[in-house]
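Q: Structure file model_30.tsv (TSV, C-alpha atoms) is given on the next line.
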```tsv
chain	number	residue	atom	x	y	z
A	119	MET	CA	0.00	0.00	0.00
A	120	TYR	CA	1.17	3.50	-0.82
A	121	ILE	CA	0.92	6.62	1.31
A	122	LYS	CA	-1.35	8.28	-1.24
A	123	GLU	CA	-3.93	5.54	-0.63
A	124	ILE	CA	-4.02	6.39	3.07
A	125	ILE	CA	-4.41	10.08	2.25
A	126	SER	CA	-7.32	9.19	-0.01
A	127	LEU	CA	-9.12	7.44	2.86
A	128	ILE	CA	-8.82	10.52	5.07
A	129	GLU	CA	-9.94	12.87	2.31
A	130	ASP	CA	-12.93	10.69	1.43
A	131	TYR	CA	-14.08	11.21	5.02
A	132	ALA	CA	-13.12	14.87	5.34
A	133	PRO	CA	-12.59	16.40	1.87
A	134	LEU	CA	-10.03	19.18	1.62
A	135	LYS	CA	-12.61	21.41	-0.06
A	136	PHE	CA	-14.19	21.83	3.39
A	137	GLN	CA	-11.15	23.44	4.97
A	138	ALA	CA	-11.30	27.12	5.92
A	139	SER	CA	-9.59	29.66	3.67
A	140	PHE	CA	-6.93	30.39	6.32
A	141	ASP	CA	-6.07	26.73	6.83
A	142	ASN	CA	-3.25	24.55	5.50
A	143	SER	CA	-4.61	21.04	5.68
A	144	GLY	CA	-3.39	18.27	3.41
A	145	LEU	CA	0.01	16.91	2.46
A	146	LEU	CA	2.65	19.06	4.15
A	147	CYS	CA	5.88	17.16	3.68
A	148	GLY	CA	7.06	14.02	1.93
A	149	ASN	CA	6.35	11.83	-1.07
A	150	PRO	CA	2.87	10.28	-1.30
A	151	GLU	CA	4.16	7.78	-3.87
A	152	ARG	CA	6.29	6.03	-1.25
A	153	GLU	CA	5.26	2.62	0.05
A	154	LEU	CA	3.72	2.73	3.51
A	155	THR	CA	5.42	1.11	6.48
A	156	SER	CA	3.27	2.24	9.42
A	157	ILE	CA	1.32	5.26	10.65
A	158	LEU	CA	1.60	7.51	13.71
A	159	LEU	CA	-1.47	9.52	14.74
A	160	CYS	CA	-1.25	12.75	16.74
A	161	ILE	CA	-2.89	16.12	17.38
A	162	ASP	CA	0.27	18.22	16.89
A	163	VAL	CA	3.58	17.48	15.20
A	164	THR	CA	6.48	18.37	17.48
A	165	GLU	CA	10.15	17.40	17.53
A	166	GLU	CA	9.30	14.72	20.10
A	167	VAL	CA	6.66	13.27	17.77
A	168	ILE	CA	9.11	13.23	14.85
A	169	LYS	CA	11.64	11.39	17.04
A	170	GLU	CA	8.94	8.94	18.07
A	171	ALA	CA	8.17	8.23	14.42
A	172	ILE	CA	11.87	7.74	13.66
A	173	ASP	CA	12.42	5.44	16.64
A	174	LYS	CA	9.37	3.29	15.86
A	175	GLY	CA	9.84	3.17	12.10
A	176	HIS	CA	6.69	5.07	11.06
A	177	ASN	CA	6.98	6.77	7.68
A	178	LEU	CA	3.61	8.57	7.81
A	179	ILE	CA	2.42	11.00	10.47
A	180	ILE	CA	-1.22	12.09	10.42
A	181	SER	CA	-2.00	15.07	12.64
A	182	HIS	CA	-4.99	17.29	13.31
A	183	HIS	CA	-3.11	20.59	13.47
A	184	PRO	CA	-0.92	21.44	10.47
A	185	LEU	CA	2.79	21.63	11.26
A	186	ILE	CA	3.21	24.26	8.54
A	187	PHE	CA	0.48	26.85	8.96
A	188	SER	CA	1.91	29.98	7.40
A	189	GLY	CA	4.46	30.04	4.60
A	190	LEU	CA	8.08	29.09	5.22
A	191	LYS	CA	10.60	31.47	3.67
A	192	HIS	CA	13.53	29.26	4.57
A	193	ILE	CA	14.20	25.87	6.12
A	194	THR	CA	16.91	26.14	8.76
A	195	PRO	CA	17.19	24.89	12.36
A	196	ALA	CA	15.89	28.26	13.58
A	197	THR	CA	12.39	27.11	14.68
A	198	TYR	CA	10.82	23.84	15.78
A	199	VAL	CA	8.69	23.80	12.62
A	200	GLU	CA	11.73	24.00	10.37
A	201	ARG	CA	13.61	21.44	12.46
A	202	CYS	CA	10.65	19.05	12.18
A	203	VAL	CA	10.58	19.47	8.40
A	204	ILE	CA	14.33	18.87	8.16
A	205	ASP	CA	14.17	15.68	10.25
A	206	ALA	CA	11.10	14.40	8.44
A	207	ILE	CA	12.72	14.83	5.03
A	208	LYS	CA	15.98	13.36	6.27
A	209	HIS	CA	14.18	10.21	7.45
A	210	ASP	CA	11.67	9.94	4.59
A	211	ILE	CA	8.69	10.67	6.82
A	212	THR	CA	5.54	12.06	5.22
A	213	ILE	CA	3.40	14.49	7.23
A	214	TYR	CA	-0.30	14.98	6.56
A	215	ALA	CA	-2.85	17.15	8.43
A	216	ALA	CA	-6.66	17.14	8.52
A	217	HIS	CA	-7.63	20.30	10.39
A	218	THR	CA	-10.68	22.47	9.66
A	219	ASN	CA	-11.95	19.98	7.09
A	220	MET	CA	-12.17	17.50	9.99
A	221	ASP	CA	-13.80	20.22	12.12
A	222	VAL	CA	-16.53	20.87	9.55
A	223	VAL	CA	-17.75	17.33	8.78
A	224	SER	CA	-20.63	16.42	11.05
A	225	ASN	CA	-18.96	13.23	12.27
A	226	GLY	CA	-15.65	15.00	12.83
A	227	VAL	CA	-14.12	16.77	15.84
A	228	SER	CA	-17.29	18.25	17.36
A	229	GLY	CA	-19.24	15.13	16.48
A	230	ARG	CA	-16.79	13.09	18.53
A	231	MET	CA	-17.22	15.50	21.45
A	232	ALA	CA	-20.97	14.94	21.18
A	233	ASP	CA	-20.39	11.18	21.12
A	234	LYS	CA	-18.40	11.36	24.35
A	235	LEU	CA	-21.28	13.25	26.00
A	236	ASP	CA	-23.97	10.95	24.52
A	237	LEU	CA	-25.87	13.82	22.92
A	238	TYR	CA	-29.07	13.14	21.02
A	239	HIS	CA	-31.25	15.15	18.57
A	240	ARG	CA	-28.16	16.79	17.12
A	241	GLN	CA	-27.98	19.78	14.83
A	242	ILE	CA	-25.08	21.83	13.47
A	243	LEU	CA	-24.10	24.88	15.49
A	244	GLN	CA	-22.74	26.91	12.55
A	245	PRO	CA	-23.64	25.38	9.15
A	246	GLU	CA	-21.08	25.61	6.35
A	247	GLY	CA	-21.50	25.04	2.64
A	248	ASP	CA	-24.59	23.30	1.31
A	249	PRO	CA	-27.13	23.00	4.17
A	250	MET	CA	-28.23	19.65	2.72
A	251	ASP	CA	-24.77	18.23	3.47
A	252	GLY	CA	-25.28	18.72	7.20
A	253	ASN	CA	-21.76	20.01	7.72
A	254	GLY	CA	-20.48	22.89	9.81
A	255	PHE	CA	-18.71	23.90	12.99
A	256	GLY	CA	-19.96	22.64	16.35
A	257	ILE	CA	-22.91	20.56	17.47
A	258	ILE	CA	-26.00	21.24	19.58
A	259	GLY	CA	-27.68	18.23	21.16
A	260	GLU	CA	-29.52	17.02	24.21
A	261	LEU	CA	-28.79	14.71	27.11
A	262	GLN	CA	-31.26	11.87	27.61
A	263	GLN	CA	-32.05	13.18	31.07
A	264	PRO	CA	-31.34	16.54	32.73
A	265	VAL	CA	-28.23	16.50	34.93
A	266	GLU	CA	-27.55	18.81	37.87
A	267	SER	CA	-25.36	21.62	36.55
A	268	MET	CA	-22.25	21.18	38.68
A	269	ALA	CA	-22.49	17.39	38.49
A	270	PHE	CA	-22.54	17.65	34.69
A	271	LEU	CA	-19.56	19.98	34.75
A	272	GLN	CA	-17.66	17.39	36.80
A	273	GLN	CA	-18.56	14.74	34.21
A	274	VAL	CA	-17.22	17.01	31.46
A	275	LYS	CA	-13.98	17.48	33.41
A	276	GLU	CA	-13.54	13.72	33.73
A	277	ILE	CA	-14.56	12.80	30.16
A	278	PHE	CA	-12.19	15.34	28.60
A	279	ARG	CA	-9.40	14.66	31.12
A	280	CYS	CA	-9.10	18.30	32.13
A	281	ASP	CA	-6.56	19.23	34.77
A	282	ARG	CA	-8.89	22.17	35.32
A	283	LEU	CA	-11.51	24.09	33.38
A	284	ARG	CA	-12.94	27.58	33.40
A	285	TYR	CA	-16.68	28.11	33.67
A	286	THR	CA	-19.36	30.67	34.45
A	287	THR	CA	-21.94	30.47	37.22
A	288	PRO	CA	-24.76	28.06	36.27
A	289	HIS	CA	-27.89	29.96	35.26
A	290	THR	CA	-30.12	26.91	35.72
A	291	PRO	CA	-30.15	24.04	38.25
A	292	PHE	CA	-30.03	21.39	35.50
A	293	ILE	CA	-28.32	20.90	32.14
A	294	GLN	CA	-30.02	19.17	29.22
A	295	ARG	CA	-29.34	21.10	26.00
A	296	VAL	CA	-25.61	21.17	25.23
A	297	ALA	CA	-23.54	22.94	22.57
A	298	VAL	CA	-20.00	21.83	21.81
A	299	CYS	CA	-17.27	22.97	19.42
A	300	GLY	CA	-13.78	21.58	19.12
A	301	GLY	CA	-10.85	23.98	19.34
A	302	ALA	CA	-11.33	27.75	19.53
A	303	GLY	CA	-15.11	28.06	19.52
A	304	ALA	CA	-15.68	31.46	21.12
A	305	SER	CA	-16.71	32.98	17.78
A	306	PHE	CA	-19.77	30.69	17.71
A	307	PHE	CA	-21.01	31.70	21.16
A	308	LYS	CA	-23.98	33.64	19.73
A	309	GLN	CA	-25.11	30.55	17.84
A	310	ALA	CA	-24.97	28.48	21.03
A	311	LEU	CA	-27.01	31.15	22.80
A	312	ALA	CA	-29.53	31.41	19.97
A	313	GLY	CA	-29.87	27.62	20.03
A	314	GLN	CA	-31.10	27.87	23.63
A	315	SER	CA	-28.23	25.76	24.92
A	316	ASP	CA	-27.89	25.39	28.67
A	317	ILE	CA	-24.11	25.15	28.34
A	318	TYR	CA	-21.51	25.79	25.64
A	319	ILE	CA	-18.37	23.64	25.83
A	320	SER	CA	-15.34	24.69	23.79
A	321	GLY	CA	-11.88	26.23	24.21
A	322	ASP	CA	-9.91	29.46	24.04
A	323	PHE	CA	-12.47	31.87	25.49
A	324	LYS	CA	-11.10	35.30	26.36
A	325	TYR	CA	-11.77	36.96	29.71
A	326	HIS	CA	-14.44	39.30	28.36
A	327	ASP	CA	-16.24	36.44	26.59
A	328	PHE	CA	-17.38	35.18	29.97
A	329	PHE	CA	-19.42	38.35	30.53
A	330	LEU	CA	-21.58	37.62	27.49
A	331	THR	CA	-23.66	34.89	29.12
A	332	GLU	CA	-26.23	37.40	30.52
A	333	ASN	CA	-27.36	34.66	32.92
A	334	ARG	CA	-28.82	32.78	29.94
A	335	ILE	CA	-26.16	30.15	29.25
A	336	MET	CA	-23.17	28.57	30.96
A	337	ILE	CA	-19.72	28.61	29.36
A	338	ALA	CA	-17.26	25.77	30.01
A	339	ASP	CA	-13.77	26.36	28.60
A	340	ILE	CA	-12.18	22.92	28.72
A	341	GLY	CA	-9.09	23.88	26.69
A	342	HIS	CA	-8.20	23.71	23.01
A	343	TYR	CA	-6.23	20.47	23.16
A	344	GLU	CA	-8.72	18.81	25.50
A	345	SER	CA	-11.62	19.47	23.14
A	346	GLU	CA	-9.77	17.98	20.14
A	347	GLN	CA	-7.81	15.14	21.71
A	348	PHE	CA	-10.20	12.43	20.49
A	349	THR	CA	-9.64	13.34	16.84
A	350	LYS	CA	-6.94	10.66	16.84
A	351	GLU	CA	-9.69	8.11	17.42
A	352	ILE	CA	-11.46	9.28	14.25
A	353	PHE	CA	-8.27	8.83	12.21
A	354	TYR	CA	-7.76	5.38	13.72
A	355	GLU	CA	-11.29	4.23	12.93
A	356	ILE	CA	-11.14	5.51	9.34
A	357	LEU	CA	-7.91	3.68	8.66
A	358	THR	CA	-8.30	0.40	10.54
A	359	LYS	CA	-11.61	-0.32	8.81
A	360	LYS	CA	-9.69	-0.48	5.53
A	361	ILE	CA	-6.09	-1.39	6.33
A	362	SER	CA	-6.12	-3.61	9.41
A	363	LYS	CA	-2.94	-5.36	8.28
A	364	PHE	CA	-0.89	-2.18	8.72
A	365	ALA	CA	0.33	-0.80	12.04
A	366	VAL	CA	-1.61	2.31	13.03
A	367	GLN	CA	-0.51	3.71	16.39
A	368	PHE	CA	-1.39	6.64	18.61
A	369	SER	CA	1.47	8.93	19.53
A	370	GLU	CA	2.42	8.56	23.19
A	371	ILE	CA	3.52	12.21	23.31
A	372	ASN	CA	1.19	14.67	25.02
A	373	THR	CA	1.61	17.70	22.78
A	374	ASN	CA	-0.56	20.05	24.82
A	375	PRO	CA	1.75	23.05	25.40
A	376	ILE	CA	-0.37	24.37	28.31
A	377	LYS	CA	0.46	23.17	31.81
A	378	TYR	CA	-1.28	23.94	35.10
A	379	LEU	CA	-0.12	24.35	38.68
```
Translate this structure into C-alpha cells?
A:
Amino acid sequence: MYIKEIISLIEDYAPLKFQASFDNSGLLCGNPERELTSILLCIDVTEEVIKEAIDKGHNLIISHHPLIFSGLKHITPATYVERCVIDAIKHDITIYAAHTNMDVVSNGVSGRMADKLDLYHRQILQPEGDPMDGNGFGIIGELQQPVESMAFLQQVKEIFRCDRLRYTTPHTPFIQRVAVCGGAGASFFKQALAGQSDIYISGDFKYHDFFLTENRIMIADIGHYESEQFTKEIFYEILTKKISKFAVQFSEINTNPIKYL
C-alpha cells in the first residue's frame, strides 16, 4: 500500500474542499508515492513526535493541526517547525494534516465531542456550505435526562481529562441542551445562545467572553487540546476499517503546550 492511498481514505471522510480559507490542511511534507510502512497519529507534530516516528519506524504521520500553517521562507534549524521538516525529510517521513476539514464534517471533531457526551437530537451549530450536506462547525444536542449543573460539569472534566476548566456560574439548576465545538469556539457563542443551549463547551475563550452569558447560558472552557484530543480516534477508525494489516498507532507524546499548577 502506498501513502497516497491512506491520504485518499482521510480525504474521502473529510474532503479538503471543506477546509477554511486560512487553513493549510493536506500533504505538508514528503512523497505520497512512497510505500507505507506504518502510521503515527497525533494532534500536533512536534520534535518529540518526529523522534517517536523515527524510533518506531513510522513513515507517515497524520496530525490534526498542520505543522506548517503559514508560509516558510527558509528551512533552517531556527524554529521547531523548520527542524521538524528537516528531520522528516531526512528520514523519509511524510506528514499529513486534517484540520478544519475535519472540524466541519458532522462526524468529525465536534461530532466526537458529542459522542463522548452521549448527545441526542443533534444539529449543526454553525452550518457551512450546502445545508443539505449537514456540515459545519460545532454541534448542539440534548442529554437523555437533565443533569444537575455542577455534576454535569464534573462529568465534562472527567470525560475530557481536564486538569482544570474555566466556567461561568450556572444559570439553571439542571443541564439538558448542550452545545460543543472543538478547538477555539468562542466565535460561535452567539449561535450556542440562539440555540437555547444550557451550556456551551469549547476552548480558548477570552476573559471578556465570559461576561456575554447574561445569565442565559453557561460557558465551560475545557481547553483547546482537551476538546480535540479524540480526533486521533477518528483517524484510527477511518484507517483500521480499511487497512487492518498495517500498524496504526497513537502517539504517546502529550503535545498540549499548556500546563497547570
Q: Which residue out of A:Pro249, A:Gly175, A:Gly259, A:Gly144 has the minimum interatomic distance to Asn219 of chain A when all atoms listed in the file are used?
A: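 Closest candidate: A:Gly144.
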Q: Report the distance between atom CA of Leu311 of chain A and atom CA of Glu266 of chain A in Å, rounded to one decimal place.
A: 19.5 Å
Q: Could you make a table, as CSV, of the residues of segment 259-370 of chain A that have an atom within 9 Å of an atom of segment 236-241 of chain A, each with its nearest atom pair and distance in Å to one decimal, counting only C-alpha atoms, in chain and number order?
A:
```
residue,atom,partner,partner_atom,distance
A:Gly259,CA,A:Arg240,CA,4.3
A:Glu260,CA,A:Leu237,CA,5.0
A:Leu261,CA,A:Leu237,CA,5.2
A:Gln262,CA,A:Tyr238,CA,7.1
A:Arg295,CA,A:Leu237,CA,8.6
A:Val296,CA,A:Leu237,CA,7.7
```
Q: Which one is closest to Asp339 of chain A: A:His183, A:Arg152, A:Arg282, A:Lys234? Count only C-alpha atoms.
A: A:Arg282
Q: Check the smallest atom-to-atom distance from each of A:Cys299, A:Cys160, A:Met231, A:Ile277 to Asn372 of chain A using all atoms listed in the file, then report the winner.
A: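 Using all atoms listed in the file, Asn372 of chain A sits closest to A:Cys160.
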Q: Would you mind listing what lies within 10 Å of Asn177 of chain A as a list in words, with only C-alpha atoms counted and same-chain residues fewer than 2 positions away left out?
A: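 What passes the distance filter is Ile121, Gly148, Arg152, Glu153, Leu154, Thr155, Ser156, Ile157, Leu158, Ile168, Ala171, Ile172, Lys174, Gly175, Ile179, Ala206, His209, Asp210, Ile211, Thr212 and Ile213 of chain A.
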Q: Would you please work out which residue, of A:Thr164, A:Ser228, A:Asn142, A:Thr218, is nearest to Asn374 of chain A when using only C-alpha atoms?
A: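 That would be A:Thr164, the residue with the smallest distance to Asn374 of chain A.
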Q: Under the rule that all atoms listed in the file are counted, which of A:Ser305, A:Gln137, A:Thr349, A:Ser315 is the nearest residue to Arg230 of chain A?
A: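 When distances to Arg230 of chain A are compared using all atoms listed in the file, the smallest one comes from A:Thr349.
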Q: Nearest to Lys208 of chain A among A:Leu357, A:Leu243, A:Cys147, A:Leu283, with distances taken over only C-alpha atoms: which residue is it?
A: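 Nearest to Lys208 of chain A: A:Cys147.
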Q: Enter the distance from atom CA of Ser345 of chain A to atom CA of Ile317 of chain A, in Å, rounded to one decimal.
A: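 These atoms are spaced 14.7 Å apart.
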Q: Hey, what's within 10 Å of Asp327 of chain A if we count all atoms listed in the file and toss same-chain stuff fewer than 5 positions away? As a list in words, please?
A: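 Once the adjacent positions are removed, what remains is Ala304, Ser305, Phe307, Asp322 and Ile337 of chain A.
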Q: Output C-alpha atoms for every residue in the selection just made, as an mmCIF file, in the coordinates of the input.
A:
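Output contents, as saved in selection-v2.cif:
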```
data_model
loop_
_atom_site.group_PDB
_atom_site.id
_atom_site.type_symbol
_atom_site.label_atom_id
_atom_site.label_comp_id
_atom_site.auth_asym_id
_atom_site.auth_seq_id
_atom_site.Cartn_x
_atom_site.Cartn_y
_atom_site.Cartn_z
ATOM 1 C CA ALA A 304 -15.680 31.460 21.120
ATOM 2 C CA SER A 305 -16.710 32.980 17.780
ATOM 3 C CA PHE A 307 -21.010 31.700 21.160
ATOM 4 C CA ASP A 322 -9.910 29.460 24.040
ATOM 5 C CA ILE A 337 -19.720 28.610 29.360
#
```
Q: Atom CA of Tyr343 of chain A to atom CA of Leu190 of chain A: how many Å, to one decimal?
A: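 Between these atoms lies a distance of 24.5 Å.
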Q: List the spatial neighbours of Thr290 of chain A as an MDAnalysis selection string - criterion: any atom at most 10 Å away, only C-alpha atoms, same-chain residues fewer than 4 positions off excluded.
A: chainID A and resid 266:267 316:317 333:336
Q: Could you write segment 278-295 of chain A as a short mmCIF file (atom, residue, chain, number, x, y, z; two decimals), in the coordinates of the input, with N, CA and C atoms rebuilt where they are missing?
A:
```cif
data_model
loop_
_atom_site.label_atom_id
_atom_site.label_comp_id
_atom_site.auth_asym_id
_atom_site.auth_seq_id
_atom_site.Cartn_x
_atom_site.Cartn_y
_atom_site.Cartn_z
N PHE A 278 -13.20 14.69 29.44
CA PHE A 278 -12.19 15.34 28.60
C PHE A 278 -10.83 15.46 29.29
N ARG A 279 -10.70 14.79 30.43
CA ARG A 279 -9.40 14.66 31.12
C ARG A 279 -8.76 16.02 31.37
N CYS A 280 -9.57 16.94 31.88
CA CYS A 280 -9.10 18.30 32.13
C CYS A 280 -8.41 18.38 33.48
N ASP A 281 -7.21 18.94 33.50
CA ASP A 281 -6.56 19.23 34.77
C ASP A 281 -7.38 20.27 35.53
N ARG A 282 -7.95 21.18 34.79
CA ARG A 282 -8.89 22.17 35.32
C ARG A 282 -9.64 22.77 34.14
N LEU A 283 -10.77 23.40 34.44
CA LEU A 283 -11.51 24.09 33.38
C LEU A 283 -12.06 25.39 33.93
N ARG A 284 -12.38 26.29 33.03
CA ARG A 284 -12.94 27.58 33.40
C ARG A 284 -14.43 27.58 33.05
N TYR A 285 -15.24 28.15 33.92
CA TYR A 285 -16.68 28.11 33.67
C TYR A 285 -17.35 29.31 34.31
N THR A 286 -18.56 29.59 33.87
CA THR A 286 -19.36 30.67 34.45
C THR A 286 -20.40 30.07 35.41
N THR A 287 -20.95 30.91 36.25
CA THR A 287 -21.94 30.47 37.22
C THR A 287 -23.14 29.85 36.49
N PRO A 288 -23.59 28.67 36.92
CA PRO A 288 -24.76 28.06 36.27
C PRO A 288 -25.98 28.98 36.37
N HIS A 289 -26.70 29.12 35.28
CA HIS A 289 -27.89 29.96 35.26
C HIS A 289 -29.16 29.14 35.51
N THR A 290 -29.00 27.81 35.53
CA THR A 290 -30.12 26.91 35.72
C THR A 290 -29.66 25.73 36.57
N PRO A 291 -30.55 25.15 37.37
CA PRO A 291 -30.15 24.04 38.25
C PRO A 291 -29.73 22.78 37.48
N PHE A 292 -30.28 22.61 36.27
CA PHE A 292 -30.03 21.39 35.50
C PHE A 292 -29.61 21.71 34.07
N ILE A 293 -28.79 20.80 33.52
CA ILE A 293 -28.32 20.90 32.14
C ILE A 293 -28.98 19.81 31.31
N GLN A 294 -29.53 20.18 30.15
CA GLN A 294 -30.02 19.17 29.22
C GLN A 294 -29.61 19.48 27.78
N ARG A 295 -29.69 20.73 27.38
CA ARG A 295 -29.34 21.10 26.00
C ARG A 295 -27.90 21.60 25.98
#
```
